[in-house]
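Q: my_file_9.txt is the file, holding compact mmCIF, C-alpha atoms:
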```txt
# COMPACT_ATOMS: atom_id res chain seq x y z
CA MET Q 292 -85.98 39.05 1.22
CA ASN Q 293 -85.55 41.02 -1.94
CA LEU Q 294 -82.92 40.66 -4.60
CA GLU Q 295 -80.64 43.46 -3.34
CA GLU Q 296 -80.45 41.96 0.16
CA LEU Q 297 -79.72 38.56 -1.32
CA GLN Q 298 -76.93 40.01 -3.47
CA THR Q 299 -75.44 41.82 -0.47
CA LEU Q 300 -75.49 38.66 1.63
CA TRP Q 301 -73.98 36.72 -1.23
CA LYS Q 302 -71.11 39.23 -1.58
CA GLU Q 303 -70.42 39.16 2.17
CA LEU Q 304 -70.36 35.37 2.17
CA ASP Q 305 -68.09 35.34 -0.89
CA GLU Q 306 -65.68 37.79 0.82
CA LYS Q 307 -65.59 35.62 3.96
CA ILE Q 308 -64.83 32.53 1.88
CA GLN Q 309 -62.04 34.30 -0.01
CA HIS Q 310 -60.61 35.59 3.26
CA GLN Q 311 -60.69 32.05 4.73
CA GLU Q 312 -58.95 30.65 1.62
CA LEU Q 313 -56.25 33.31 1.89
CA LEU Q 314 -55.72 32.50 5.58
CA HIS Q 315 -55.59 28.80 4.75
CA GLN Q 316 -52.95 29.36 2.06
CA GLU Q 317 -50.87 31.54 4.40
CA GLU Q 318 -51.07 28.83 7.08
CA ILE Q 319 -49.89 26.19 4.58
CA LYS Q 320 -46.98 28.43 3.52
CA ARG Q 321 -46.00 28.94 7.15
CA ILE Q 322 -46.12 25.20 7.87
CA LEU Q 323 -44.03 24.39 4.78
CA THR Q 324 -41.49 27.09 5.63
CA THR Q 325 -41.22 25.82 9.20
CA ARG Q 326 -40.78 22.22 8.00
CA LYS Q 327 -38.09 23.26 5.53
CA GLU Q 328 -36.19 25.30 8.12
CA SER Q 329 -36.47 22.53 10.72
CA THR Q 330 -35.11 19.99 8.26
CA LEU Q 331 -32.19 22.25 7.41
CA GLU Q 332 -31.42 22.80 11.10
CA LYS Q 333 -31.33 19.03 11.63
CA LEU Q 334 -28.93 18.61 8.72
CA ILE Q 335 -26.68 21.37 10.08
CA ARG Q 336 -26.72 19.76 13.53
CA ILE Q 337 -25.76 16.32 12.19
CA GLU Q 338 -22.92 17.75 10.08
CA ARG Q 339 -21.58 19.77 13.02
CA THR Q 340 -21.72 16.68 15.22
CA GLY Q 341 -19.78 14.78 12.57
CA LEU Q 342 -17.18 17.55 12.42
CA ILE Q 343 -16.74 17.55 16.20
CA PHE Q 344 -16.48 13.74 16.21
CA LEU Q 345 -13.80 13.74 13.52
CA ILE Q 346 -11.80 16.42 15.30
CA ALA Q 347 -11.99 14.39 18.53
CA CYS Q 348 -10.84 11.28 16.60
CA ALA Q 349 -7.92 13.23 15.12
CA VAL Q 350 -6.83 14.43 18.56
CA PHE Q 351 -7.17 10.93 20.00
CA PHE Q 352 -5.26 9.42 17.09
CA SER Q 353 -2.43 11.96 17.29
CA ILE Q 354 -1.99 11.15 21.00
CA ALA Q 355 -2.14 7.41 20.34
CA TRP Q 356 0.30 7.63 17.42
CA THR Q 357 2.88 9.55 19.41
CA GLN Q 358 2.57 7.11 22.33
CA ASN Q 359 2.77 3.89 20.27
CA PRO Q 360 5.93 3.63 18.13
CA TYR Q 361 4.82 0.23 16.76
CA PHE Q 362 1.86 1.63 14.86
CA GLY Q 363 4.03 2.41 11.87
CA MET Q 364 4.70 5.45 9.76
CA LEU Q 365 2.64 4.31 6.75
CA ASN Q 366 -0.43 3.54 8.88
CA GLY Q 367 -0.07 6.83 10.71
CA ILE Q 368 0.16 8.85 7.51
CA LEU Q 369 -2.80 7.01 5.97
CA VAL Q 370 -5.01 7.55 9.03
CA SER Q 371 -3.91 11.18 9.29
CA LEU Q 372 -4.81 11.81 5.65
CA PHE Q 373 -8.09 10.00 6.09
CA LEU Q 374 -9.05 12.05 9.16
CA LEU Q 375 -7.94 15.37 7.65
CA THR Q 376 -9.89 14.65 4.48
CA GLY Q 377 -12.95 13.81 6.57
CA ILE Q 378 -12.60 17.02 8.56
CA ALA Q 379 -12.27 19.03 5.35
CA PHE Q 380 -15.40 17.39 3.88
CA GLN Q 381 -17.41 17.95 7.09
CA PHE Q 382 -16.32 21.58 7.30
CA ARG Q 383 -17.33 22.09 3.68
CA PHE Q 384 -20.73 20.46 4.26
CA CYS Q 385 -21.35 22.74 7.25
CA ARG Q 386 -20.51 25.78 5.10
CA MET Q 387 -22.74 24.55 2.27
CA LEU Q 388 -25.69 24.13 4.62
CA ARG Q 389 -25.09 27.56 6.19
CA ASN Q 390 -25.12 29.10 2.70
CA ILE Q 391 -28.36 27.28 1.89
CA GLU Q 392 -29.87 28.59 5.13
CA GLN Q 393 -28.92 32.19 4.27
CA GLU Q 394 -30.12 31.95 0.67
CA LYS Q 395 -33.61 33.44 0.18
CA ASN Q 396 -34.19 32.33 -3.41
CA LEU Q 397 -36.00 28.96 -3.42
CA GLU Q 398 -34.61 27.89 -6.79
CA ARG Q 399 -31.06 28.61 -5.67
CA GLN Q 400 -31.69 26.67 -2.43
CA LEU Q 401 -32.85 23.66 -4.43
CA ILE Q 402 -29.75 23.80 -6.63
CA GLU Q 403 -27.49 24.02 -3.59
CA ILE Q 404 -29.20 21.19 -1.68
CA VAL Q 405 -28.84 18.91 -4.71
CA ARG Q 406 -25.17 19.86 -4.88
CA TYR Q 407 -24.84 19.10 -1.16
CA LYS Q 408 -26.42 15.67 -1.71
CA ARG Q 409 -24.09 14.92 -4.62
CA ASN Q 410 -21.04 15.93 -2.57
CA THR Q 411 -22.07 13.80 0.41
CA ASN Q 412 -22.43 10.79 -1.88
CA LEU Q 413 -18.97 11.48 -3.30
CA SER Q 414 -17.52 11.73 0.21
CA TYR Q 415 -19.00 8.33 1.06
CA LEU Q 416 -17.27 6.76 -1.94
CA ILE Q 417 -13.92 8.34 -1.08
CA GLY Q 418 -14.33 7.47 2.59
CA TYR Q 419 -15.10 3.82 1.96
CA ALA Q 420 -12.10 3.51 -0.37
CA GLY Q 421 -9.87 4.98 2.35
CA VAL Q 422 -11.28 2.69 5.04
CA PHE Q 423 -10.82 -0.34 2.80
CA ALA Q 424 -7.18 0.60 2.10
CA PHE Q 425 -6.53 1.14 5.82
CA ILE Q 426 -8.08 -2.21 6.78
CA ILE Q 427 -5.94 -4.09 4.27
CA LEU Q 428 -2.76 -2.28 5.33
CA PHE Q 429 -3.55 -2.76 9.03
CA MET Q 430 -4.26 -6.48 8.64
CA VAL Q 431 -1.06 -7.05 6.66
CA GLN Q 432 0.99 -5.32 9.34
CA PHE Q 433 -0.89 -6.40 12.50
CA GLY Q 434 -2.73 -9.53 11.38
CA SER Q 435 -3.26 -11.25 14.74
CA LEU Q 436 -6.63 -12.80 15.62
CA LYS Q 437 -7.20 -10.27 18.41
CA ASN Q 438 -6.56 -7.33 16.09
CA LEU Q 439 -8.81 -8.88 13.45
CA MET Q 440 -11.66 -9.24 15.95
CA ILE Q 441 -11.25 -5.65 17.23
CA LEU Q 442 -11.06 -4.22 13.72
CA THR Q 443 -14.07 -6.26 12.59
CA GLY Q 444 -16.12 -5.05 15.56
CA VAL Q 445 -15.18 -1.41 15.17
CA THR Q 446 -15.75 -1.55 11.41
CA GLY Q 447 -19.13 -3.23 11.88
CA ILE Q 448 -20.29 -0.59 14.34
CA ALA Q 449 -18.99 2.22 12.15
CA LEU Q 450 -20.69 0.84 9.04
CA THR Q 451 -23.98 0.42 10.89
CA VAL Q 452 -23.91 3.99 12.20
CA ASP Q 453 -22.84 5.23 8.78
CA PHE Q 454 -25.72 3.36 7.10
CA TYR Q 455 -28.29 5.03 9.36
CA LEU Q 456 -26.68 8.44 9.01
CA TYR Q 457 -26.67 8.13 5.23
CA HIS Q 458 -30.39 7.30 5.13
CA TYR Q 459 -31.20 9.98 7.70
CA ILE Q 460 -29.44 12.64 5.63
CA ARG Q 461 -31.02 11.35 2.42
CA ASP Q 462 -34.52 11.50 3.95
CA LYS Q 463 -33.94 15.01 5.29
CA VAL Q 464 -32.72 16.21 1.89
CA LYS Q 465 -35.85 14.70 0.27
CA SER Q 466 -38.06 16.43 2.82
CA PHE Q 467 -36.29 19.75 2.23
CA ILE Q 468 -36.65 19.44 -1.54
CA GLN Q 469 -40.32 18.49 -1.28
CA ALA Q 470 -41.14 21.41 1.05
CA SER Q 471 -39.23 23.81 -1.22
CA LYS Q 472 -41.07 22.62 -4.33
CA GLU Q 473 -44.44 22.96 -2.60
CA LEU Q 474 -43.50 26.47 -1.46
CA SER Q 475 -42.46 27.43 -4.98
CA GLN Q 476 -45.83 26.22 -6.28
CA PHE Q 477 -47.61 28.49 -3.80
CA ASN Q 478 -45.48 31.44 -4.77
CA SER Q 479 -46.15 31.07 -8.49
```
When written as structure tokens, how does the structure in this file appear?

A:
Amino acid sequence: MNLEELQTLWKELDEKIQHQELLHQEEIKRILTTRKESTLEKLIRIERTGLIFLIACAVFFSIAWTQNPYFGMLNGILVSLFLLTGIAFQFRFCRMLRNIEQEKNLERQLIEIVRYKRNTNLSYLIGYAGVFAFIILFMVQFGSLKNLMILTGVTGIALTVDFYLYHYIRDKVKSFIQASKELSQFNS
């Protein structure tokens, strides 16, 4: 084998290696993009489910409030405000996630997902303050042992579900941010 043949073989091998590296990088980009989109779809689905649940609770409560005159005007107004605020927050979160999904700029997506995370944390603080106020008002007005046991059970279940939802959303936001940062590194 002479030098020219060796150089030709070397160039062919180098081109194959470069082509393989390019394919490998494109495959990594595709995987990261798919993971980011899947994470965003899961977040949208959980927020929509929360919105539907709150609307169902509002309908159920409005029926129960009109059928039970002993519930009280103050309790009814507090629960109505609490549910309407929750529906407004959930609707806003769904819109925020839709805007993130439509945004093509990775930097803008990262800014918006951090804003979404900050707003969800704020909604948790407001929500817990409202629940605490409702529990105190309810127990003052309807403080029987049976009502205490029912309220404790419902609150316990709700807090447990809320705890898992909070961590689920937090983990999905982390995954989205990580995939977006890795994609931005590939693009630069």

Q: I'd like the neighbourhood of Gly377 (chain Q) as a PyMOL selection string, where a residue qualifies if any of its atoms comes within 9 Å (using only C-alpha atoms), though same-chain residues fewer than 2 positions away should be ignored.

A: chain Q and resi 342+345+372-375+379-382+414+418

Q: Do a neighbour search on Asn366 (chain Q) at 8 Å with only C-alpha atoms, toss out local chain neighbours closer than 6 positions, and write the hits as a list in words.

A: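 Close residues of Asn366 (chain Q): Phe425, Leu428 and Phe429 of chain Q.
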
Q: Counting all atoms listed in the file, which residue out of Q:Lys327, Q:Lys320, Q:Lys437, Q:Arg461 sits closest to Gln476 (chain Q)?

A: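 The closest residue to Gln476 (chain Q) is Q:Lys320.
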
Q: Quick check, in Å to one decimal: how far apart do CA of Glu394 (chain Q) and CA of Gln469 (chain Q) lie?

A: 17.0 Å

Q: Can you list, as a PDB file with C-alpha atoms, keeping the file's coordinate frame, every protein, DNA or RNA residue that comes within 12 Å of Tyr415 (chain Q) when you count only C-alpha atoms, leaving out same-chain residues fewer than 4 positions away?

A:
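Contents of result-v4.pdb, as written:
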```pdb
ATOM      1  CA  THR Q 376      -9.890  14.650   4.480  1.00  0.00           C
ATOM      2  CA  GLY Q 377     -12.950  13.810   6.570  1.00  0.00           C
ATOM      3  CA  PHE Q 380     -15.400  17.390   3.880  1.00  0.00           C
ATOM      4  CA  GLN Q 381     -17.410  17.950   7.090  1.00  0.00           C
ATOM      5  CA  LYS Q 408     -26.420  15.670  -1.710  1.00  0.00           C
ATOM      6  CA  ARG Q 409     -24.090  14.920  -4.620  1.00  0.00           C
ATOM      7  CA  ASN Q 410     -21.040  15.930  -2.570  1.00  0.00           C
ATOM      8  CA  THR Q 411     -22.070  13.800   0.410  1.00  0.00           C
ATOM      9  CA  TYR Q 419     -15.100   3.820   1.960  1.00  0.00           C
ATOM     10  CA  ALA Q 420     -12.100   3.510  -0.370  1.00  0.00           C
ATOM     11  CA  GLY Q 421      -9.870   4.980   2.350  1.00  0.00           C
ATOM     12  CA  VAL Q 422     -11.280   2.690   5.040  1.00  0.00           C
ATOM     13  CA  LEU Q 450     -20.690   0.840   9.040  1.00  0.00           C
ATOM     14  CA  ASP Q 453     -22.840   5.230   8.780  1.00  0.00           C
ATOM     15  CA  PHE Q 454     -25.720   3.360   7.100  1.00  0.00           C
ATOM     16  CA  LEU Q 456     -26.680   8.440   9.010  1.00  0.00           C
ATOM     17  CA  TYR Q 457     -26.670   8.130   5.230  1.00  0.00           C
TER      18      TYR Q 457
END
```

Q: What is the CA of Met440 (chain Q) to CA of Val370 (chain Q) distance in Å?

A: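 CA of Val370 (chain Q) lies at a distance of 19.3 Å from CA of Met440 (chain Q).
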
Q: Can you work out which one of Q:Ser371, Q:Thr443, Q:Ser466, Q:Asn412 has the shortest atom-to-atom distance to Ile346 (chain Q), counting all atoms listed in the file?

A: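 Ranking Q:Ser371, Q:Thr443, Q:Ser466, Q:Asn412 by distance to Ile346 (chain Q), first place goes to Q:Ser371.
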
Q: Hey, can you check how far CA of Ile391 (chain Q) sits from CA of Leu331 (chain Q)?

A: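 Computed distance, CA of Ile391 (chain Q) to CA of Leu331 (chain Q), equals 8.4 Å.
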
Q: Just the residues within 12 Å of Asn478 (chain Q), please, counting all atoms listed in the file, with nothing from its chain fewer than 6 positions along; format it as number ranges by chain.

A: Q: 316-317, 319-320, 323-324, 396-398, 471-472

Q: Just checking: using only C-alpha atoms, which residue out of Q:Glu303, Q:Glu296, Q:Glu318, Q:Glu392 ends up closest to Ile335 (chain Q)?

A: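 Using only C-alpha atoms, Ile335 (chain Q) sits closest to Q:Glu392.
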
Q: Point out the residue among Q:Gln432, Q:Glu403, Q:Tyr459, Q:Glu306 with the least atom-to-atom distance to Met364 (chain Q), counting all atoms listed in the file.

A: Q:Gln432

Q: Taking into account only C-alpha atoms, which residue in the set Q:Trp356, Q:Phe384, Q:Trp301, Q:Phe351 is nearest to Glu338 (chain Q)?

A: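 Nearest candidate to Glu338 (chain Q) out of Q:Trp356, Q:Phe384, Q:Trp301, Q:Phe351: Q:Phe384.
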
Q: Show me, as JSON, the centre and edge lengths in Å to one decimal of the axis-aligned box that covers every listed atom of region 327-330 of chain Q with 3 Å on each side.

A:
```
{"center_x": -36.6, "center_y": 22.6, "center_z": 8.1, "size_x": 9.0, "size_y": 11.3, "size_z": 11.2}
```

Q: Considering only C-alpha atoms, can you say which of Q:Val464, Q:Cys385, Q:Ala349, Q:Val452 comes closest to Ile368 (chain Q)?

A: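 Selected residue with least distance to Ile368 (chain Q): Q:Ala349.
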
Q: Would you kindly return, as number ranges by chain, each protein, DNA or RNA residue with an atom no farther than 12 Å from any atom of Gln393 (chain Q), considering all atoms listed in the file and excluding same-chain residues fewer than 4 positions away?

A: Q: 328, 331-332, 386-389, 397, 399-400, 403
